[in-house]
Amino acid sequence: MSRQGKRIYTTTNAGETKELAAKIARELREGQVLCLRGELGVGKTVFAQGLCESIGITEPVNSPTFTLVNEYEGGTYPVYHFDLYRIEDSDELYEIGFSDMIGRQAVILIEWPERAGNLLPAQRTDIIMERMGEDGRRITIEELTA
């Protein structure tokens with residue numbers, strides 16, 4: 001696996017995080033996997049909302065904490081939004097067809113991707129979100145290739 005450039009941004013509120021997500025959405029490719037990393041409450045779902053809104057998804061975008069995956073259609077690309085927070089073992093992902101969905105022509109958003117273990121594709125975009133003070137966020141975007 002190789003890393004292709006790292007971009008670092010800062011945001012100071014949810015609106016700026018959504019604007020950054022919209023900027024990233026303009027670079028999206030069908031089949032792209034975006035891994036949203038960061039602690040609880042850091043803004044992963046806000047980022048997902050901004051990205052989905054910017055590609056034309058009109059339905060509400062919520063974290064699929066209890067359903068594990070939400071599917072959104074009607075935008076430029078279909079979006080599969082995973083929240084793996086409640087996954088205890090990556091074997092649980094076989095039951096929901098995780099690997100099959102990763103291979104589809106859609107945009108894949110994964111919150112808590114570290115819980116997928118070796119099921120994550122080598123080619124993906126890692127989006128690491130970190131708190132900076134009370135309202136600030138440092139968002140690092142890194143492209144990984146096989």
# chains A, B, ... in the order shown; residues from 1 in each chain; ligands from 1
>>> select_by_dssp(residues="chain A", states="helix (DSSP H, G or I)", output="PyMOL selection string")
chain A and resi 14-25+44-54+92-95+98-102+113-119
>>> select_by_dssp(residues="chain A", states="strand (DSSP E)", output="PyMOL selection string")
chain A and resi 2-11+33-37+69-72+79-83+107-111+124-132+136-145
>>> residues_around(residues="A:Arg137", least_positions_apart="3", cutoff="7 Å", atoms="only C-alpha atoms", output="short mmCIF file (atom, residue, chain, number, x, y, z; two decimals) with C-alpha atoms, in the first residue's frame")
data_model
loop_
_atom_site.label_atom_id
_atom_site.label_comp_id
_atom_site.auth_asym_id
_atom_site.auth_seq_id
_atom_site.Cartn_x
_atom_site.Cartn_y
_atom_site.Cartn_z
CA THR A 10 -9.10 23.04 9.50
CA THR A 11 -12.75 23.84 10.10
CA THR A 12 -14.33 25.79 12.94
CA MET A 129 -10.87 14.06 11.85
CA GLU A 130 -9.37 15.43 15.07
CA ARG A 131 -10.58 18.00 17.57
CA MET A 132 -8.69 21.28 17.90
#
>>> closest_residue(among="A:Tyr80, A:Pro121, A:Lys44, A:Val69", to="A:Ile57", atoms="only C-alpha atoms")
A:Tyr80
>>> atom_distance(atom1="atom CA of A:Asp126", atom2="atom CA of A:Val33")
8.5 Å
>>> closest_residue(among="A:Ser90, A:Gly136, A:Gly75, A:Glu142", to="A:Leu119", atoms="only C-alpha atoms")
A:Ser90
>>> residues_around(residues="A:Pro64", least_positions_apart="6", cutoff="10 Å", atoms="only C-alpha atoms", output="list of chain:residue names")
A:Thr45, A:Asn70, A:Glu71, A:His81, A:Phe82, A:Asp83, A:Leu84, A:Tyr85, A:Glu111
>>> atom_distance(atom1="atom CA of A:Pro78", atom2="atom CA of A:Val46")
18.1 Å
>>> residues_around(residues="A:Leu34", least_positions_apart="2", cutoff="12 Å", atoms="only C-alpha atoms", output="ChimeraX atom specification")
/A:21,24-25,27-32,36-37,44,47-48,51,79-82,102,106-113,120-128,141-144
>>> closest_residue(among="A:Ser63, A:Arg26, A:Gln49, A:Ala116", to="A:Thr76", atoms="only C-alpha atoms")
A:Arg26
>>> atom_distance(atom1="atom CA of A:Ile87", atom2="atom CA of A:Arg115")
6.5 Å
>>> residues_around(residues="A:Thr58", least_positions_apart="2", cutoff="9 Å", atoms="only C-alpha atoms", output="list in words")
Cys52, Glu53, Gly56, Pro60, Val61, Tyr72, Glu73, Gly74 and Gly75 of chain A
>>> decode(residues="stretch 23-39 of chain A", atoms="all heavy atoms", output="mmCIF file, in the first residue's frame")
data_model
loop_
_atom_site.group_PDB
_atom_site.id
_atom_site.type_symbol
_atom_site.label_atom_id
_atom_site.label_comp_id
_atom_site.auth_asym_id
_atom_site.auth_seq_id
_atom_site.Cartn_x
_atom_site.Cartn_y
_atom_site.Cartn_z
ATOM 1 N N LYS A 23 -16.402 20.112 -1.293
ATOM 2 C CA LYS A 23 -15.198 20.228 -2.118
ATOM 3 C C LYS A 23 -14.665 18.830 -2.469
ATOM 4 O O LYS A 23 -14.320 18.569 -3.619
ATOM 5 C CB LYS A 23 -14.134 21.025 -1.356
ATOM 6 C CG LYS A 23 -12.820 21.133 -2.086
ATOM 7 C CD LYS A 23 -11.803 21.929 -1.288
ATOM 8 C CE LYS A 23 -10.492 21.957 -2.051
ATOM 9 N NZ LYS A 23 -9.493 22.781 -1.411
ATOM 10 N N ILE A 24 -14.636 17.951 -1.498
ATOM 11 C CA ILE A 24 -14.167 16.579 -1.731
ATOM 12 C C ILE A 24 -15.129 15.864 -2.686
ATOM 13 O O ILE A 24 -14.713 15.090 -3.546
ATOM 14 C CB ILE A 24 -14.045 15.810 -0.398
ATOM 15 C CG1 ILE A 24 -13.038 16.496 0.535
ATOM 16 C CG2 ILE A 24 -13.691 14.348 -0.620
ATOM 17 C CD1 ILE A 24 -11.674 16.744 -0.034
ATOM 18 N N ALA A 25 -16.409 16.140 -2.566
ATOM 19 C CA ALA A 25 -17.413 15.497 -3.429
ATOM 20 C C ALA A 25 -17.169 15.824 -4.902
ATOM 21 O O ALA A 25 -17.439 14.996 -5.771
ATOM 22 C CB ALA A 25 -18.813 15.932 -3.013
ATOM 23 N N ARG A 26 -16.656 17.011 -5.192
ATOM 24 C CA ARG A 26 -16.389 17.374 -6.587
ATOM 25 C C ARG A 26 -15.278 16.515 -7.192
ATOM 26 O O ARG A 26 -15.146 16.435 -8.403
ATOM 27 C CB ARG A 26 -16.039 18.864 -6.681
ATOM 28 C CG ARG A 26 -17.245 19.759 -6.417
ATOM 29 C CD ARG A 26 -16.981 21.209 -6.746
ATOM 30 N NE ARG A 26 -16.052 21.877 -5.842
ATOM 31 C CZ ARG A 26 -16.389 22.452 -4.678
ATOM 32 N NH1 ARG A 26 -17.650 22.426 -4.285
ATOM 33 N NH2 ARG A 26 -15.486 23.051 -3.940
ATOM 34 N N GLU A 27 -14.481 15.866 -6.355
ATOM 35 C CA GLU A 27 -13.383 15.010 -6.819
ATOM 36 C C GLU A 27 -13.762 13.531 -6.833
ATOM 37 O O GLU A 27 -12.938 12.691 -7.187
ATOM 38 C CB GLU A 27 -12.168 15.192 -5.892
ATOM 39 C CG GLU A 27 -11.696 16.612 -5.751
ATOM 40 C CD GLU A 27 -10.683 16.790 -4.619
ATOM 41 O OE1 GLU A 27 -10.277 15.787 -3.988
ATOM 42 O OE2 GLU A 27 -10.286 17.936 -4.378
ATOM 43 N N LEU A 28 -14.979 13.198 -6.418
ATOM 44 C CA LEU A 28 -15.382 11.794 -6.282
ATOM 45 C C LEU A 28 -15.377 11.041 -7.604
ATOM 46 O O LEU A 28 -15.645 11.614 -8.660
ATOM 47 C CB LEU A 28 -16.792 11.698 -5.692
ATOM 48 C CG LEU A 28 -16.947 11.942 -4.212
ATOM 49 C CD1 LEU A 28 -18.420 11.890 -3.831
ATOM 50 C CD2 LEU A 28 -16.152 10.951 -3.396
ATOM 51 N N ARG A 29 -15.106 9.757 -7.470
ATOM 52 C CA ARG A 29 -15.222 8.830 -8.589
ATOM 53 C C ARG A 29 -16.152 7.700 -8.160
ATOM 54 O O ARG A 29 -16.161 7.300 -6.992
ATOM 55 C CB ARG A 29 -13.852 8.222 -8.933
ATOM 56 C CG ARG A 29 -12.803 9.236 -9.335
ATOM 57 C CD ARG A 29 -11.423 8.609 -9.515
ATOM 58 N NE ARG A 29 -10.967 7.747 -8.434
ATOM 59 C CZ ARG A 29 -10.424 8.160 -7.285
ATOM 60 N NH1 ARG A 29 -10.304 9.451 -7.051
ATOM 61 N NH2 ARG A 29 -10.014 7.304 -6.375
ATOM 62 N N GLU A 30 -16.904 7.190 -9.104
ATOM 63 C CA GLU A 30 -17.759 6.050 -8.816
ATOM 64 C C GLU A 30 -16.895 4.896 -8.322
ATOM 65 O O GLU A 30 -15.825 4.641 -8.856
ATOM 66 C CB GLU A 30 -18.498 5.654 -10.102
ATOM 67 C CG GLU A 30 -19.668 4.755 -9.879
ATOM 68 C CD GLU A 30 -20.442 4.573 -11.165
ATOM 69 O OE1 GLU A 30 -19.821 4.229 -12.184
ATOM 70 O OE2 GLU A 30 -21.653 4.766 -11.127
ATOM 71 N N GLY A 31 -17.329 4.234 -7.264
ATOM 72 C CA GLY A 31 -16.574 3.127 -6.697
ATOM 73 C C GLY A 31 -15.594 3.549 -5.611
ATOM 74 O O GLY A 31 -14.926 2.714 -5.017
ATOM 75 N N GLN A 32 -15.494 4.855 -5.338
ATOM 76 C CA GLN A 32 -14.538 5.338 -4.355
ATOM 77 C C GLN A 32 -14.989 4.994 -2.931
ATOM 78 O O GLN A 32 -16.169 5.070 -2.598
ATOM 79 C CB GLN A 32 -14.365 6.841 -4.488
ATOM 80 C CG GLN A 32 -13.209 7.393 -3.682
ATOM 81 C CD GLN A 32 -12.818 8.793 -4.135
ATOM 82 O OE1 GLN A 32 -13.370 9.333 -5.093
ATOM 83 N NE2 GLN A 32 -11.879 9.380 -3.435
ATOM 84 N N VAL A 33 -14.024 4.611 -2.100
ATOM 85 C CA VAL A 33 -14.265 4.285 -0.702
ATOM 86 C C VAL A 33 -13.638 5.376 0.163
ATOM 87 O O VAL A 33 -12.442 5.651 0.050
ATOM 88 C CB VAL A 33 -13.667 2.906 -0.342
ATOM 89 C CG1 VAL A 33 -13.837 2.608 1.142
ATOM 90 C CG2 VAL A 33 -14.300 1.805 -1.191
ATOM 91 N N LEU A 34 -14.465 5.996 1.001
ATOM 92 C CA LEU A 34 -14.010 7.040 1.913
ATOM 93 C C LEU A 34 -14.139 6.529 3.345
ATOM 94 O O LEU A 34 -15.245 6.187 3.781
ATOM 95 C CB LEU A 34 -14.850 8.309 1.760
ATOM 96 C CG LEU A 34 -14.914 8.916 0.367
ATOM 97 C CD1 LEU A 34 -15.938 10.042 0.330
ATOM 98 C CD2 LEU A 34 -13.561 9.430 -0.052
ATOM 99 N N CYS A 35 -13.033 6.459 4.053
ATOM 100 C CA CYS A 35 -13.015 5.989 5.434
ATOM 101 C C CYS A 35 -12.944 7.190 6.366
ATOM 102 O O CYS A 35 -11.968 7.933 6.353
ATOM 103 C CB CYS A 35 -11.813 5.072 5.654
ATOM 104 S SG CYS A 35 -11.914 3.543 4.709
ATOM 105 N N LEU A 36 -13.993 7.377 7.149
ATOM 106 C CA LEU A 36 -14.096 8.511 8.063
ATOM 107 C C LEU A 36 -13.620 8.072 9.444
ATOM 108 O O LEU A 36 -14.268 7.274 10.108
ATOM 109 C CB LEU A 36 -15.539 9.013 8.122
ATOM 110 C CG LEU A 36 -16.153 9.402 6.775
ATOM 111 C CD1 LEU A 36 -17.633 9.712 6.928
ATOM 112 C CD2 LEU A 36 -15.417 10.574 6.178
ATOM 113 N N ARG A 37 -12.480 8.592 9.852
ATOM 114 C CA ARG A 37 -11.852 8.180 11.103
ATOM 115 C C ARG A 37 -11.883 9.323 12.117
ATOM 116 O O ARG A 37 -11.697 10.477 11.754
ATOM 117 C CB ARG A 37 -10.399 7.773 10.855
ATOM 118 C CG ARG A 37 -10.259 6.612 9.896
ATOM 119 C CD ARG A 37 -8.787 6.309 9.607
ATOM 120 N NE ARG A 37 -8.612 5.248 8.644
ATOM 121 C CZ ARG A 37 -8.598 3.950 8.953
ATOM 122 N NH1 ARG A 37 -8.754 3.573 10.210
ATOM 123 N NH2 ARG A 37 -8.445 3.043 8.011
ATOM 124 N N GLY A 38 -12.092 8.975 13.375
ATOM 125 C CA GLY A 38 -12.075 9.982 14.434
ATOM 126 C C GLY A 38 -12.956 9.552 15.587
ATOM 127 O O GLY A 38 -13.812 8.684 15.448
ATOM 128 N N GLU A 39 -12.752 10.199 16.718
ATOM 129 C CA GLU A 39 -13.490 9.841 17.927
ATOM 130 C C GLU A 39 -14.968 10.197 17.812
ATOM 131 O O GLU A 39 -15.379 10.908 16.885
ATOM 132 C CB GLU A 39 -12.851 10.519 19.136
ATOM 133 C CG GLU A 39 -12.947 12.025 19.064
ATOM 134 C CD GLU A 39 -12.166 12.734 20.163
ATOM 135 O OE1 GLU A 39 -11.105 12.235 20.579
ATOM 136 O OE2 GLU A 39 -12.632 13.803 20.598
#
